[in-house]
Amino acid sequence: MKNILALLFTLVAMSSFAQIKMQGTVRDSIGSPLELANIIAINKASNTLESYAITDADGKYVISLGENGSYNIQVSYIGLKSVDETVETKEADITKDFSMVSDNMLDAVELTYDMPVTIKGDTLIYNADSFKSGTERKLEDVLKKLPGVEINTDGQIEVEGKVVNKLMVNGKDFFDGDSKLATKNIPSNAVDKIQVLRNYAEVGQLSGVQNNQDNVAINIKLKEGKENFWFGDVTAGGGVAPSPNDELYMVQPKLFYYSPKYSINVIGDLNNIGEVALTGRDIRNFGGGFRRPSSSSGTNLNLGNNGLRGLTNIDDSQSIESKLGAVNFSYSPNKALDLSGFLIYNANRLKTRQESFVRYTNPELGIPDEETIQTGREATNQGLAKLSASYKPNASNQLDYDVLARISDDSELQNEFSDVVGNTTQLDEAKPFSINQNLNYYYTLNETNIFAFEAQHLIKDEDPFYNVIGLKEEGAFESTATSLGLDTNQNSYNLNQERRVKSNQLDAKLDYYNILNSKSNINLTLGTILSKQEFNSNIFQFLDDGSFFDPTASLTNEEGEVLRNENDTEYNFSDIYLGVHYRLKTGKFTITPGFSVHAYGNKNTQFGETYEENFFRILPDFETQIQFKKSESLTFRYNMQNSFTDVTSLAEGLVLNNYNSLQYGEPSLQNSLSHNLNLRYFSFNLFNYTNVFAFLNYNKNIDQVRSFTNFDNVIRTNTYFNSNFADESVSASGRVQRTFGKLRASMRVGYNYSKSNQFIQDVRSVNETFSQTYSPELRTNFRDAPNVTLSYRYSISDTKQGDNNETQFITNAPSVEFDAYIWKALTFRTDYSYTSQSSNVGPTDSFQTWNASLAYRKDQDAKWEYQLRATNLLNIDSNVNNGSSNISVYSSETFILPRFITFRLTYTL
């Protein structure tokens, strides 16, 4: 591996050294420097774009050219006549200045190439063809090559460190703005321009009175000829898995139609090779756009998540079968009305296997070490449907309505062997559904008065069911079984739990904006959050003869009261608030101080007994932004937030999280208060294509809801309380990226420190964790030569658990990606990574992955493509993961998909 990396690095370095530097200054006719003038160099021999640059504030530029060549240099600036000159290079650097004159003094010079990157206000425009080498197939392949743009490990697009939350195609939302679905499916040959819309405002009427610097959208402009015609591709393929009885298959149609009035996007996927278009987690997070409940009020109400939390990451499976059918449409019957919507069906079937070892770090707690082997089967069926309407009859009125419905049918069957507890079989099932509606109306009365009404209504119904069979080995569960009131005179325990959580929440607010002058405005907000949750649960046992048994628990809480094996809880919450914010622009500063006054009321009723609390709270917030330049800013934020727990933490009856984890709530829980500070810096220098961003966050929680944990053998019981001990965390992250000719280098770093209090076996301890991660990367961007990406991740995690236990984990993970476009017909790609994990408490573990593909198409315009792809070439059977929690150190081995070799045929429309 080291030799391969050294060879690739040498090839990259040699390619960069065969360049010379041409630099100078661009001025107007009176000698003033011109900022943001465009310079492009065209290789006259190949008639291709060689290099490009944009002048800085002093009119300076730098471009890289090949030695002993002839280049056509074109210089352009808005309002001035373009310059077109020929430059002959030798082996020495060149200094050359340019002078530009007014438009009426010279004939126009026709620019033969679009500028790769241009900037217009807050919009950054990339010309996609300038970054293509021929190996690209999907949108993500192009995005990875753009300076300042990244695809993160979750498949999301990041620009200047901010996640892109909305993606459009020709101005129309693509599946509600979901970026991951777009990057994996939109064909690269259909993309003309990529417009990055910084400070994006969903509602144009509010763009001048709100701070939108966190909002980044991307609009994909299609090439001419792609409108009013279907485009896309259909891929089909198959192969043979290591087991002779397992045949591999895949069918993936991806079709698109765009016209000025309407658009249709159709995406299908049927395969068992592990290439999942959307995971179950993606579907649960699918919402898109910027329309979401307001969190600016300072209130955070947690409705909880009572679905199946254990659904496995796709990458941690031994086998996968997936199905996806998705249709997205938009229709504009006239200029005032836009209709859009989508239907998505997603289904996954997985088999899993994991072997783990857990060592508890405090021997005095009396918790034995535990070794487990888990095998499981998971099935998820999920459906989503959304309809959106936006009506804009004129510039002063906008009415938006959305309705999103979700339904799923999930199950997880898991067999587990524990050397402490024995064999268990567990079944989790859930069929939750939800309906979410948004209604927004924006009205501009006149130049100085704007009104905005936003409301969201959510109905959610969750019904998880849990069943576990086993547990009657070696007596590990006996005392817990007795506490639950189970019939212990059985050959095995058949324990069941039914739960039902119904949530109904309204979040509404009315904003009034008064524009005082061109520099300032005041914002008044009147809002409310109303919520009702109902929680029912019961624990029961099936006996060996098949009869039903309703146990009576003997477990007691901290006050000595006997706990129930059931729950019947109703929780009502209300927040009525008034917010005041003042926004002032002065020079480079934008200052927004404000506060909100809240009248809170919460009440929960359990088995006829009511717990109620009403109080007032003032929550301040502050934001200031320093705009050094159009593409450089520093932002500071502070806000105080009130957080409220969900109904399951208030319910005083017993709840089974799983066989070795029980909980009961505390009806008198109160809110927690947090102080949040955030500092963010970003800079994008078009002169040398240097992109810098940095974040610093501090959080302090007061009266946080924490848990008391007591162990009986390896069986834990949790209850909740408001802790008087504050928890704190500090995190810092940043990235520097710079382009040097055909090379792009970047360094990403991250630091995180946290201090938390925990309470186990009635003993308080303070845990501290400090982690640091360094990720350098070097990427080439040649048009005609092979490209390579070298990256490395080095991380250290130090955890201090209480007073006596300290653990350290170190991860080293080098990786390389290589792609080549050979003879204008063959595309070869391969990627390799090696991960090593070491610690001071165990041996060093490592694993590696290697994938490769070879594709043939006659030329760029060919309809047919033939591809041979291999994944997990080394046939590694498992990945390892070592780490630590607050009270334990663990090591796990997760078994993954074997080597797959598939042949694929793609037809392009």
# chains A, B, ... in the order shown; residues from 1 in each chain; ligands from 1
call {"tool": "residues_around", "arguments": {"residues": "Leu696 in chain A", "least_positions_apart": "3", "cutoff": "7 Å", "atoms": "only C-alpha atoms", "output": "number ranges by chain"}}
result
A: 678-680, 731-733
call {"tool": "residues_around", "arguments": {"residues": "Leu874 in chain A", "least_positions_apart": "4", "cutoff": "8 Å", "atoms": "only C-alpha atoms", "output": "PyMOL selection string"}}
result
chain A and resi 849-850+899
call {"tool": "closest_residue", "arguments": {"among": "A:Pro776, A:Gly750, A:Gly304, A:Gly134", "to": "Gln737 in chain A", "atoms": "only C-alpha atoms"}}
result
A:Pro776
call {"tool": "residues_around", "arguments": {"residues": "Gln252 in chain A", "least_positions_apart": "4", "cutoff": "7 Å", "atoms": "only C-alpha atoms", "output": "PDB file with N, CA and C atoms, in the first residue's frame"}}
result
ATOM      1  N   VAL A 234     -31.261   3.687 -18.444  1.00  0.00           N
ATOM      2  CA  VAL A 234     -31.775   2.460 -17.836  1.00  0.00           C
ATOM      3  C   VAL A 234     -30.615   1.478 -17.747  1.00  0.00           C
ATOM      4  N   THR A 235     -30.355   0.964 -16.540  1.00  0.00           N
ATOM      5  CA  THR A 235     -29.262   0.027 -16.315  1.00  0.00           C
ATOM      6  C   THR A 235     -29.823  -1.308 -15.847  1.00  0.00           C
ATOM      7  N   ALA A 236     -29.318  -2.375 -16.438  1.00  0.00           N
ATOM      8  CA  ALA A 236     -29.677  -3.726 -16.006  1.00  0.00           C
ATOM      9  C   ALA A 236     -28.410  -4.551 -15.935  1.00  0.00           C
ATOM     10  N   GLY A 268     -36.320   4.237 -10.449  1.00  0.00           N
ATOM     11  CA  GLY A 268     -36.615   2.888  -9.985  1.00  0.00           C
ATOM     12  C   GLY A 268     -35.332   2.159  -9.630  1.00  0.00           C
ATOM     13  N   ASP A 269     -35.443   1.202  -8.738  1.00  0.00           N
ATOM     14  CA  ASP A 269     -34.256   0.451  -8.323  1.00  0.00           C
ATOM     15  C   ASP A 269     -34.705  -0.898  -7.776  1.00  0.00           C
ATOM     16  N   LEU A 270     -34.148  -1.950  -8.354  1.00  0.00           N
ATOM     17  CA  LEU A 270     -34.420  -3.303  -7.885  1.00  0.00           C
ATOM     18  C   LEU A 270     -33.097  -4.053  -7.946  1.00  0.00           C
TER      19      LEU A 270
END
call {"tool": "residues_around", "arguments": {"residues": "Phe682 in chain A", "least_positions_apart": "2", "cutoff": "10 Å", "atoms": "only C-alpha atoms", "output": "list in words"}}
result
Glu160, Gly161, Ser631, Glu632, Ser633, Leu634, Thr635, Arg680, Phe684, Asn691, Val692, Phe693, Ala694, Phe695, Gly734, Arg735 and Val736 of chain A
call {"tool": "atom_distance", "arguments": {"atom1": "CA of Ala452 in chain A", "atom2": "CA of Asn436 in chain A"}}
result
19.8 Å
call {"tool": "residues_around", "arguments": {"residues": "Arg27 in chain A", "least_positions_apart": "5", "cutoff": "7 Å", "atoms": "only C-alpha atoms", "output": "number ranges by chain"}}
result
A: 32-34, 59, 98-100
call {"tool": "write_last_selection", "arguments": {"atoms": "N, CA and C atoms", "output": "JSON list (two decimals), in the first residue's frame"}}
result
[["chain", "number", "residue", "atom", "x", "y", "z"],
["A", 32, "SER", "N", -6.75, 51.75, -13.79],
["A", 32, "SER", "CA", -7.31, 51.24, -12.54],
["A", 32, "SER", "C", -7.42, 49.72, -12.60],
["A", 33, "PRO", "N", -7.05, 49.02, -11.53],
["A", 33, "PRO", "CA", -7.14, 47.55, -11.55],
["A", 33, "PRO", "C", -8.60, 47.09, -11.61],
["A", 34, "LEU", "N", -8.83, 45.97, -12.29],
["A", 34, "LEU", "CA", -10.18, 45.42, -12.46],
["A", 34, "LEU", "C", -10.31, 44.13, -11.64],
["A", 59, "GLY", "N", -6.53, 43.47, -9.22],
["A", 59, "GLY", "CA", -6.45, 43.15, -10.64],
["A", 59, "GLY", "C", -5.46, 42.07, -10.99],
["A", 98, "PHE", "N", -2.58, 43.15, -18.94],
["A", 98, "PHE", "CA", -3.59, 43.41, -19.97],
["A", 98, "PHE", "C", -4.30, 44.73, -19.65],
["A", 99, "SER", "N", -4.63, 45.47, -20.69],
["A", 99, "SER", "CA", -5.38, 46.70, -20.56],
["A", 99, "SER", "C", -6.65, 46.57, -21.38],
["A", 100, "MET", "N", -7.80, 46.93, -20.77],
["A", 100, "MET", "CA", -9.09, 46.76, -21.42],
["A", 100, "MET", "C", -9.72, 48.13, -21.65]]
call {"tool": "select_by_dssp", "arguments": {"residues": "range 519-739 of chain A", "states": "alpha helix (DSSP H)", "output": "list of chain:residue names"}}
result
A:Val647, A:Thr648, A:Ser649, A:Leu650
call {"tool": "write_last_selection", "arguments": {"atoms": "C-alpha atoms", "output": "short mmCIF file (atom, residue, chain, number, x, y, z; two decimals), in the first residue's frame"}}
result
data_model
loop_
_atom_site.label_atom_id
_atom_site.label_comp_id
_atom_site.auth_asym_id
_atom_site.auth_seq_id
_atom_site.Cartn_x
_atom_site.Cartn_y
_atom_site.Cartn_z
CA VAL A 647 -44.13 11.67 27.12
CA THR A 648 -42.16 8.41 27.50
CA SER A 649 -39.75 10.02 29.97
CA LEU A 650 -42.70 11.21 32.07
#
call {"tool": "closest_residue", "arguments": {"among": "A:Ala336, A:Leu506, A:Leu686, A:Ala128", "to": "Lys60 in chain A", "atoms": "only C-alpha atoms"}}
result
A:Leu686
